[in-house]
Amino acid sequence: MTAEITYLEAIREALFEEMERDPDVFCLGEDIGVYGGAFKVTEGLRERFGEARVIDTPIAEAAIVGAAAGAAHMGMRPVAEMQFADFIASAYEILTNYVATGRNRTGLACPMVVRGPSGGYVRGGPFHSQNPESAFLHTPGLKIVAPATAEDAKGLLKAAIRDDDCVLFFEHKYLYRRIKATMPAGDHLTPIGCARVAREGKDLSLITYAATVWKALEAAERLEREDGLSVEVLDLRTLAPLDDAAIEATAKKTNRVVIVHEDTRTGGIAGEVTARLNERCFEWLDAPVLRVTAHDVPLPSAPALEDFVLPQTDDIVKAARRLASY
Amino acid sequence: MAVARTRAAGGVKRGSAAAPSAALTADRKLELYYWMRLTRSLEERLVSLHRQGKLVGGVFRSLGQEADSVGSAYALERRDVLSSLTRNLGSLLVKGATPLEILRQHLATADSPTGGRDLGLHIADLQRGFLGHISPLGDMVPVTAGVALSFRMRGEDRVALVYVGDGATSTGPFHEGLTFAAVLRCPMIVIVENNGYAYSTPVHQQTAARRFVDKAAGYGIAGEQADGNDVLGVYDVTRRAVDRARAGGGVTLIELLTYRRRGHAEHDNQRYVPAGEAERWAAENDPLDRYVRVLLDREKVEQAALDAVDARVVAELDAATAEAERSRPARATDALHGVFADPPAVAPHWYREAGHRTPERGPS
């Protein structure tokens, strides 16, 4: 039997396999070559593929992303690393104005991946814990994925590298070494745009993604044990484009929905999912859609503060109980 | 600003036997004149259509800067790629964009390069080697660095050229892109077109550097400054940079000294320009006038040959304008196409679906 590997190793395996498969795939970013990356995601890549395909760059996120776009125009398949997803803000302008608009305006495609560690629960403070997905959800022309499992981390990254448009790949640093799985055999691809039912249930639905999938699963177990509730957990996996069919299916099945995400609340993905439920499933809902999210503050570093700001399993349980009693 | 004199004198040697332009045949020298004349006349057509209210968006003239665009683009080979600016119509024409496409693009027709989805010279065709810019300045420096990086990675004998204005040199992407390209030794040429103004901002309010070319030293790359209104000089300085890039010598920053004789776009009344400045450039340092003197006096071209080029340009533009005006406007739903490869179009909102009738209550 094949050994289990971590979420982080699954990402590395995807990079290895895609670089082996396609000579046009290459990686660029800060400290990714000789050092192997701040989290060692790219460790061993340079030894295997050489410095020409595993490029250490200056600290210049706009240049990293812009150069990836230029290379992508020419048929390369760049994978650009943001050392922390927080730093993608420095490339926001070129991603939203240039990369996202190219195909629609002039037919210039940007088949590229911008990946990096996002998320908190690691005491990283305001600049090493962000969840930047919502800033990009609003921009037509960008795809966004956020895997929760090791299998999806690998399968989605491989699919992202093969996608003909730009995919923002937000991997969760809390999950890097905390979860493991055995990879499916063969050329394992997870389709972009498809959510996953992480747990079947019939009384209410928790719609979530990334690290909070695991908190939602914990909450679902407790709710079953302590309240006898059958809770469904939908792992969105892809945030743009959202899987409307899966969102609609779970809402019509359980008629009660809590949306959980680690990102801050205002303008977050929960608001978008709620609006879609309102438009598509209004008659099917037995209760208002609730949100469990981070508070609208910069993410603090001290344990007591971070734990208070970020959604915890208890919060999800409370929201689910409120919804069930509605 | 006593730009006219200092820039015209703007001091780079040229005309030596070793200059690359010395190898240009008489036909090719006449072709340079054709491209410059075509650029100026096509822009005049655009202004005329603009005044008739037929265009979507503004007209951004390169009047007085035609030598800079044409001479530099002419120094590239077909396989090379350039990224143009709003005042590089000449560069696009040299790379194979047609007057018909440019006219359709400004008329926002269905068959225009962007199908009504974007304005002006924001057009691209990598088969012909041009990559239009976007409005946020400086972005094309990193993008072109990536194009050049792909050439280096694949061992292709190609170079990439990106134009920026004096204003774009103040942006972050300009700095990041040059830093990146220099460190990775991308085969790239950056042309800083110093035309005196970024919208209304004069150069001395854009930078405290004495010359833009001095910035090259900070990036550890080669730098050259040249008279941007001397088409053969522009060809020479660009060609040297192209040869350097092809030979593995990395990035060159070229500052071309020129002058923007019209406003930022046609609506701009240029109230910030000192009296007489633009007129002085027009009278003393027009790139077409200067090149005509070179062709007649030094190259011994007959006036009749220039007249024939002028007539050819008029005929081509008459035909292109008539054809462009026959094109249909872009269709509204074309807006929804091509955001992604898959799906090929975004679905219209229910209230914009064809044949939709408003129900008495609710959408569902």
# chains A, B, ... in the order shown; residues from 1 in each chain; ligands from 1
$ residues_around --residues "B:Ala319" --least-positions-apart "3" --cutoff "12 Å" --atoms "only C-alpha atoms" --output "ChimeraX atom specification"
/B:42,45,98-100,103,312-316,322-326
$ write_last_selection --atoms "N, CA and C atoms" --output "tab-separated table (two decimals), in the first residue's frame"
chain	number	residue	atom	x	y	z
B	42	LEU	N	-2.56	58.35	-40.63
B	42	LEU	CA	-3.61	57.54	-40.01
B	42	LEU	C	-4.15	58.26	-38.77
B	45	ARG	N	-6.51	60.85	-39.82
B	45	ARG	CA	-7.82	60.26	-40.12
B	45	ARG	C	-8.62	60.04	-38.84
B	98	THR	N	-2.63	46.58	-39.20
B	98	THR	CA	-3.03	47.28	-40.42
B	98	THR	C	-3.87	48.51	-40.08
B	99	PRO	N	-3.83	49.52	-40.96
B	99	PRO	CA	-4.69	50.69	-40.74
B	99	PRO	C	-6.16	50.31	-40.60
B	100	LEU	N	-6.59	49.29	-41.35
B	100	LEU	CA	-7.99	48.86	-41.25
B	100	LEU	C	-8.31	48.40	-39.82
B	103	LEU	N	-8.41	51.43	-37.50
B	103	LEU	CA	-9.64	52.22	-37.68
B	103	LEU	C	-10.84	51.50	-37.06
B	312	ARG	N	0.61	56.84	-52.01
B	312	ARG	CA	0.28	55.46	-51.62
B	312	ARG	C	-0.42	55.46	-50.25
B	313	VAL	N	0.09	56.26	-49.34
B	313	VAL	CA	-0.49	56.33	-48.00
B	313	VAL	C	-1.93	56.84	-48.08
B	314	VAL	N	-2.14	57.88	-48.85
B	314	VAL	CA	-3.50	58.43	-48.98
B	314	VAL	C	-4.44	57.38	-49.56
B	315	ALA	N	-3.97	56.70	-50.60
B	315	ALA	CA	-4.83	55.69	-51.24
B	315	ALA	C	-5.15	54.56	-50.27
B	316	GLU	N	-4.14	54.11	-49.53
B	316	GLU	CA	-4.37	53.01	-48.57
B	316	GLU	C	-5.34	53.44	-47.48
B	322	ALA	N	-12.89	53.67	-45.83
B	322	ALA	CA	-14.18	53.30	-46.42
B	322	ALA	C	-14.60	51.92	-45.94
B	323	GLU	N	-13.65	51.00	-45.91
B	323	GLU	CA	-13.98	49.64	-45.49
B	323	GLU	C	-14.36	49.59	-44.01
B	324	ALA	N	-13.60	50.31	-43.19
B	324	ALA	CA	-13.88	50.31	-41.74
B	324	ALA	C	-15.26	50.89	-41.46
B	325	GLU	N	-15.63	51.90	-42.19
B	325	GLU	CA	-16.93	52.53	-41.94
B	325	GLU	C	-18.09	51.63	-42.38
B	326	ARG	N	-17.78	50.61	-43.17
B	326	ARG	CA	-18.83	49.65	-43.56
B	326	ARG	C	-19.04	48.57	-42.50
$ residues_around --residues "B:Leu253" --least-positions-apart "2" --cutoff "12 Å" --atoms "only C-alpha atoms" --output "ChimeraX atom specification"
/B:141,161-164,169,174,178-179,181-182,187-193,211-226,237-238,240-242,244-245,250-251,255-256
$ write_last_selection --atoms "C-alpha atoms" --output "compact mmCIF listing (two decimals), in the first residue's frame"
# COMPACT_ATOMS: atom_id res chain seq x y z
CA VAL B 141 7.64 45.97 -18.05
CA LEU B 161 11.09 45.42 -26.39
CA VAL B 162 8.84 47.43 -24.08
CA TYR B 163 8.02 51.13 -24.33
CA VAL B 164 7.30 53.25 -21.29
CA THR B 169 9.17 55.29 -14.69
CA PHE B 174 8.55 49.62 -13.76
CA LEU B 178 13.49 46.13 -14.45
CA THR B 179 14.96 44.66 -11.28
CA ALA B 181 14.67 41.37 -15.83
CA ALA B 182 18.15 42.62 -14.95
CA PRO B 187 16.88 39.61 -23.49
CA MET B 188 14.89 42.82 -23.20
CA ILE B 189 15.06 46.44 -24.28
CA VAL B 190 13.22 49.14 -22.34
CA ILE B 191 12.62 52.37 -24.22
CA VAL B 192 11.80 55.35 -22.03
CA GLU B 193 10.12 57.87 -24.27
CA ARG B 211 18.34 62.04 -16.96
CA PHE B 212 16.16 58.91 -17.16
CA VAL B 213 19.05 57.00 -18.66
CA ASP B 214 20.90 57.44 -15.36
CA LYS B 215 18.43 54.99 -13.83
CA ALA B 216 20.08 52.20 -15.83
CA ALA B 217 23.10 52.30 -13.54
CA GLY B 218 20.88 51.59 -10.55
CA TYR B 219 19.64 48.40 -12.13
CA GLY B 220 23.09 47.33 -13.26
CA ILE B 221 22.11 47.36 -16.92
CA ALA B 222 23.32 49.13 -20.04
CA GLY B 223 21.87 52.56 -20.75
CA GLU B 224 21.90 54.82 -23.78
CA GLN B 225 20.30 58.15 -24.51
CA ALA B 226 19.44 59.23 -28.03
CA VAL B 237 20.58 52.82 -30.70
CA THR B 238 17.81 50.20 -30.64
CA ARG B 240 22.74 47.99 -30.70
CA ALA B 241 20.58 47.09 -27.71
CA VAL B 242 18.87 44.32 -29.67
CA ARG B 244 23.42 43.06 -27.08
CA ALA B 245 20.30 41.25 -25.86
CA GLY B 250 20.80 41.28 -20.94
CA VAL B 251 18.69 44.38 -20.57
CA GLU B 255 16.04 57.06 -23.18
CA LEU B 256 14.68 58.67 -26.32
$ residues_around --residues "B:Leu121" --least-positions-apart "2" --cutoff "9 Å" --atoms "only C-alpha atoms" --output "MDAnalysis selection string"
chainID B and resid 84:89 92 102 105:106 118:119 123:124 132:134
$ write_last_selection --atoms "C-alpha atoms" --output "PDB file, in the first residue's frame"
ATOM      1  CA  SER B  84       3.571  49.320 -27.383  1.00  0.00           C
ATOM      2  CA  LEU B  85       2.088  52.369 -25.675  1.00  0.00           C
ATOM      3  CA  THR B  86      -0.732  54.644 -26.662  1.00  0.00           C
ATOM      4  CA  ARG B  87       1.722  56.794 -28.640  1.00  0.00           C
ATOM      5  CA  ASN B  88       3.344  53.879 -30.491  1.00  0.00           C
ATOM      6  CA  LEU B  89       0.987  53.511 -33.424  1.00  0.00           C
ATOM      7  CA  LEU B  92       2.355  48.544 -34.258  1.00  0.00           C
ATOM      8  CA  ILE B 102      -6.678  50.402 -36.178  1.00  0.00           C
ATOM      9  CA  GLN B 105     -10.637  49.382 -33.253  1.00  0.00           C
ATOM     10  CA  HIS B 106     -11.305  53.100 -32.799  1.00  0.00           C
ATOM     11  CA  ASP B 118     -11.303  47.700 -25.118  1.00  0.00           C
ATOM     12  CA  LEU B 119     -10.186  51.035 -26.484  1.00  0.00           C
ATOM     13  CA  ILE B 123      -4.559  45.354 -29.089  1.00  0.00           C
ATOM     14  CA  ALA B 124      -2.381  42.289 -29.238  1.00  0.00           C
ATOM     15  CA  GLY B 132      -0.702  46.115 -26.494  1.00  0.00           C
ATOM     16  CA  HIS B 133      -0.435  47.890 -23.189  1.00  0.00           C
ATOM     17  CA  ILE B 134      -3.074  48.484 -20.557  1.00  0.00           C
TER      18      ILE B 134
END
$ interface_residues --of "chain A" --to "chain B" --cutoff "6 Å" --atoms "only C-alpha atoms" --output "PyMOL selection string"
chain A and resi 60+63+66-71+103-106+141
$ atom_distance --atom1 "atom CA of B:Arg261" --atom2 "atom CA of B:Asp286"
9.7 Å
$ residues_around --residues "stretch 315-319 of chain A" --least-positions-apart "5" --cutoff "8 Å" --atoms "only C-alpha atoms" --output "list of chain:residue names"
A:Lys215, A:Ala216, A:Ala219, A:Ala220, A:Arg222, A:Leu223, A:Val258, A:Val260, A:Leu290, A:Arg291, A:Val292
$ write_last_selection --atoms "N, CA and C atoms" --output "PDB file, in the first residue's frame"
ATOM      1  N   LYS A 215     -13.022  21.959  10.965  1.00  0.00           N
ATOM      2  CA  LYS A 215     -13.789  22.415  12.130  1.00  0.00           C
ATOM      3  C   LYS A 215     -15.277  22.098  11.931  1.00  0.00           C
ATOM      4  N   ALA A 216     -15.736  22.244  10.708  1.00  0.00           N
ATOM      5  CA  ALA A 216     -17.132  21.919  10.412  1.00  0.00           C
ATOM      6  C   ALA A 216     -17.390  20.422  10.629  1.00  0.00           C
ATOM      7  N   ALA A 219     -17.589  19.826  14.290  1.00  0.00           N
ATOM      8  CA  ALA A 219     -18.877  20.328  14.788  1.00  0.00           C
ATOM      9  C   ALA A 219     -20.000  19.361  14.411  1.00  0.00           C
ATOM     10  N   ALA A 220     -19.953  18.831  13.202  1.00  0.00           N
ATOM     11  CA  ALA A 220     -20.995  17.909  12.738  1.00  0.00           C
ATOM     12  C   ALA A 220     -21.037  16.663  13.611  1.00  0.00           C
ATOM     13  N   ARG A 222     -20.024  16.411  16.758  1.00  0.00           N
ATOM     14  CA  ARG A 222     -20.566  16.779  18.079  1.00  0.00           C
ATOM     15  C   ARG A 222     -22.075  16.946  18.028  1.00  0.00           C
ATOM     16  N   LEU A 223     -22.563  17.583  16.957  1.00  0.00           N
ATOM     17  CA  LEU A 223     -24.006  17.826  16.843  1.00  0.00           C
ATOM     18  C   LEU A 223     -24.766  16.511  16.709  1.00  0.00           C
ATOM     19  N   VAL A 258     -25.671  27.014   7.247  1.00  0.00           N
ATOM     20  CA  VAL A 258     -24.695  27.893   7.887  1.00  0.00           C
ATOM     21  C   VAL A 258     -23.480  27.948   6.967  1.00  0.00           C
ATOM     22  N   VAL A 260     -19.578  28.861   6.720  1.00  0.00           N
ATOM     23  CA  VAL A 260     -18.454  29.021   7.645  1.00  0.00           C
ATOM     24  C   VAL A 260     -17.219  29.382   6.849  1.00  0.00           C
ATOM     25  N   LEU A 290     -27.156  31.590   8.057  1.00  0.00           N
ATOM     26  CA  LEU A 290     -26.271  32.191   9.072  1.00  0.00           C
ATOM     27  C   LEU A 290     -24.816  32.138   8.611  1.00  0.00           C
ATOM     28  N   ARG A 291     -24.028  33.031   9.186  1.00  0.00           N
ATOM     29  CA  ARG A 291     -22.593  33.058   8.873  1.00  0.00           C
ATOM     30  C   ARG A 291     -21.763  32.858  10.133  1.00  0.00           C
ATOM     31  N   VAL A 292     -20.733  32.049  10.034  1.00  0.00           N
ATOM     32  CA  VAL A 292     -19.709  31.957  11.088  1.00  0.00           C
ATOM     33  C   VAL A 292     -18.385  32.284  10.414  1.00  0.00           C
TER      34      VAL A 292
END
$ residues_around --residues "A:Thr274" --least-positions-apart "3" --cutoff "12 Å" --atoms "only C-alpha atoms" --output "number ranges by chain"
A: 207, 244, 247-248, 251, 256-260, 267-271, 277-282, 285, 288-291
$ write_last_selection --atoms "N, CA and C atoms" --output "mmCIF file, in the first residue's frame"
data_model
loop_
_atom_site.group_PDB
_atom_site.id
_atom_site.type_symbol
_atom_site.label_atom_id
_atom_site.label_comp_id
_atom_site.auth_asym_id
_atom_site.auth_seq_id
_atom_site.Cartn_x
_atom_site.Cartn_y
_atom_site.Cartn_z
ATOM 1 N N ILE A 207 -21.682 24.954 4.869
ATOM 2 C CA ILE A 207 -20.965 25.181 3.603
ATOM 3 C C ILE A 207 -19.672 25.913 3.948
ATOM 4 N N ASP A 244 -22.582 26.259 -8.134
ATOM 5 C CA ASP A 244 -23.968 26.598 -7.801
ATOM 6 C C ASP A 244 -24.838 25.359 -7.629
ATOM 7 N N ILE A 247 -24.250 23.824 -4.211
ATOM 8 C CA ILE A 247 -24.785 24.700 -3.159
ATOM 9 C C ILE A 247 -26.311 24.575 -3.123
ATOM 10 N N GLU A 248 -26.898 24.587 -4.307
ATOM 11 C CA GLU A 248 -28.345 24.474 -4.410
ATOM 12 C C GLU A 248 -28.816 23.104 -3.907
ATOM 13 N N ALA A 251 -28.722 22.861 -0.060
ATOM 14 C CA ALA A 251 -29.741 23.726 0.552
ATOM 15 C C ALA A 251 -31.137 23.125 0.374
ATOM 16 N N ARG A 256 -31.632 24.205 5.631
ATOM 17 C CA ARG A 256 -31.035 25.090 6.631
ATOM 18 C C ARG A 256 -29.537 25.162 6.346
ATOM 19 N N VAL A 257 -29.000 26.371 6.288
ATOM 20 C CA VAL A 257 -27.595 26.518 5.874
ATOM 21 C C VAL A 257 -26.836 27.469 6.792
ATOM 22 N N VAL A 258 -25.671 27.014 7.247
ATOM 23 C CA VAL A 258 -24.695 27.893 7.887
ATOM 24 C C VAL A 258 -23.480 27.948 6.967
ATOM 25 N N ILE A 259 -23.008 29.136 6.696
ATOM 26 C CA ILE A 259 -21.785 29.255 5.898
ATOM 27 C C ILE A 259 -20.645 29.614 6.840
ATOM 28 N N VAL A 260 -19.578 28.861 6.720
ATOM 29 C CA VAL A 260 -18.454 29.021 7.645
ATOM 30 C C VAL A 260 -17.219 29.382 6.849
ATOM 31 N N GLY A 267 -18.148 41.448 3.091
ATOM 32 C CA GLY A 267 -17.658 41.256 1.721
ATOM 33 C C GLY A 267 -17.034 39.897 1.506
ATOM 34 N N GLY A 268 -17.209 38.993 2.465
ATOM 35 C CA GLY A 268 -16.627 37.659 2.326
ATOM 36 C C GLY A 268 -17.472 36.752 1.444
ATOM 37 N N ILE A 269 -16.959 35.553 1.204
ATOM 38 C CA ILE A 269 -17.620 34.620 0.298
ATOM 39 C C ILE A 269 -18.979 34.189 0.840
ATOM 40 N N ALA A 270 -19.124 34.178 2.174
ATOM 41 C CA ALA A 270 -20.415 33.802 2.757
ATOM 42 C C ALA A 270 -21.526 34.724 2.259
ATOM 43 N N GLY A 271 -21.224 35.985 2.111
ATOM 44 C CA GLY A 271 -22.226 36.930 1.615
ATOM 45 C C GLY A 271 -22.662 36.578 0.208
ATOM 46 N N LEU A 277 -28.173 31.753 -2.589
ATOM 47 C CA LEU A 277 -29.224 30.936 -1.974
ATOM 48 C C LEU A 277 -30.546 31.704 -1.987
ATOM 49 N N ASN A 278 -30.469 32.965 -1.688
ATOM 50 C CA ASN A 278 -31.661 33.813 -1.683
ATOM 51 C C ASN A 278 -32.331 33.833 -3.051
ATOM 52 N N GLU A 279 -31.487 33.931 -4.097
ATOM 53 C CA GLU A 279 -32.039 34.011 -5.455
ATOM 54 C C GLU A 279 -32.549 32.668 -5.970
ATOM 55 N N ARG A 280 -31.874 31.595 -5.559
ATOM 56 C CA ARG A 280 -32.150 30.294 -6.180
ATOM 57 C C ARG A 280 -32.989 29.364 -5.300
ATOM 58 N N CYS A 281 -32.941 29.553 -3.992
ATOM 59 C CA CYS A 281 -33.540 28.549 -3.092
ATOM 60 C C CYS A 281 -34.450 29.174 -2.038
ATOM 61 N N PHE A 282 -34.917 30.374 -2.259
ATOM 62 C CA PHE A 282 -35.668 31.085 -1.215
ATOM 63 C C PHE A 282 -36.808 30.236 -0.651
ATOM 64 N N LEU A 285 -35.887 27.326 1.878
ATOM 65 C CA LEU A 285 -35.213 27.563 3.161
ATOM 66 C C LEU A 285 -36.232 27.658 4.293
ATOM 67 N N PRO A 288 -33.268 31.563 8.175
ATOM 68 C CA PRO A 288 -32.300 32.446 7.509
ATOM 69 C C PRO A 288 -30.926 31.788 7.428
ATOM 70 N N VAL A 289 -30.185 32.155 6.413
ATOM 71 C CA VAL A 289 -28.818 31.643 6.281
ATOM 72 C C VAL A 289 -27.945 32.356 7.314
ATOM 73 N N LEU A 290 -27.156 31.590 8.057
ATOM 74 C CA LEU A 290 -26.271 32.191 9.072
ATOM 75 C C LEU A 290 -24.816 32.138 8.611
ATOM 76 N N ARG A 291 -24.028 33.031 9.186
ATOM 77 C CA ARG A 291 -22.593 33.058 8.873
ATOM 78 C C ARG A 291 -21.763 32.858 10.133
#
$ residues_around --residues "stretch 15-20 of chain A" --least-positions-apart "3" --cutoff "8 Å" --atoms "only C-alpha atoms" --output "PyMOL selection string"
chain A and resi 11-12+23-26+42+45+49+157-158+161
$ write_last_selection --atoms "C-alpha atoms" --output "PDB file, in the first residue's frame"
ATOM      1  CA  ILE A  11       1.449  19.988  -3.214  1.00  0.00           C
ATOM      2  CA  ARG A  12       5.104  19.185  -3.808  1.00  0.00           C
ATOM      3  CA  PRO A  23       8.668  20.930 -19.937  1.00  0.00           C
ATOM      4  CA  ASP A  24       6.777  24.234 -20.191  1.00  0.00           C
ATOM      5  CA  VAL A  25       5.869  24.100 -16.501  1.00  0.00           C
ATOM      6  CA  PHE A  26       8.245  26.078 -14.310  1.00  0.00           C
ATOM      7  CA  THR A  42       9.492  23.362  -3.329  1.00  0.00           C
ATOM      8  CA  LEU A  45      12.661  20.826  -7.178  1.00  0.00           C
ATOM      9  CA  PHE A  49      14.799  20.349 -12.586  1.00  0.00           C
ATOM     10  CA  LEU A 157      -2.924  22.002  -8.201  1.00  0.00           C
ATOM     11  CA  LYS A 158      -2.418  19.656 -11.130  1.00  0.00           C
ATOM     12  CA  ILE A 161      -1.472  24.034 -13.827  1.00  0.00           C
TER      13      ILE A 161
END
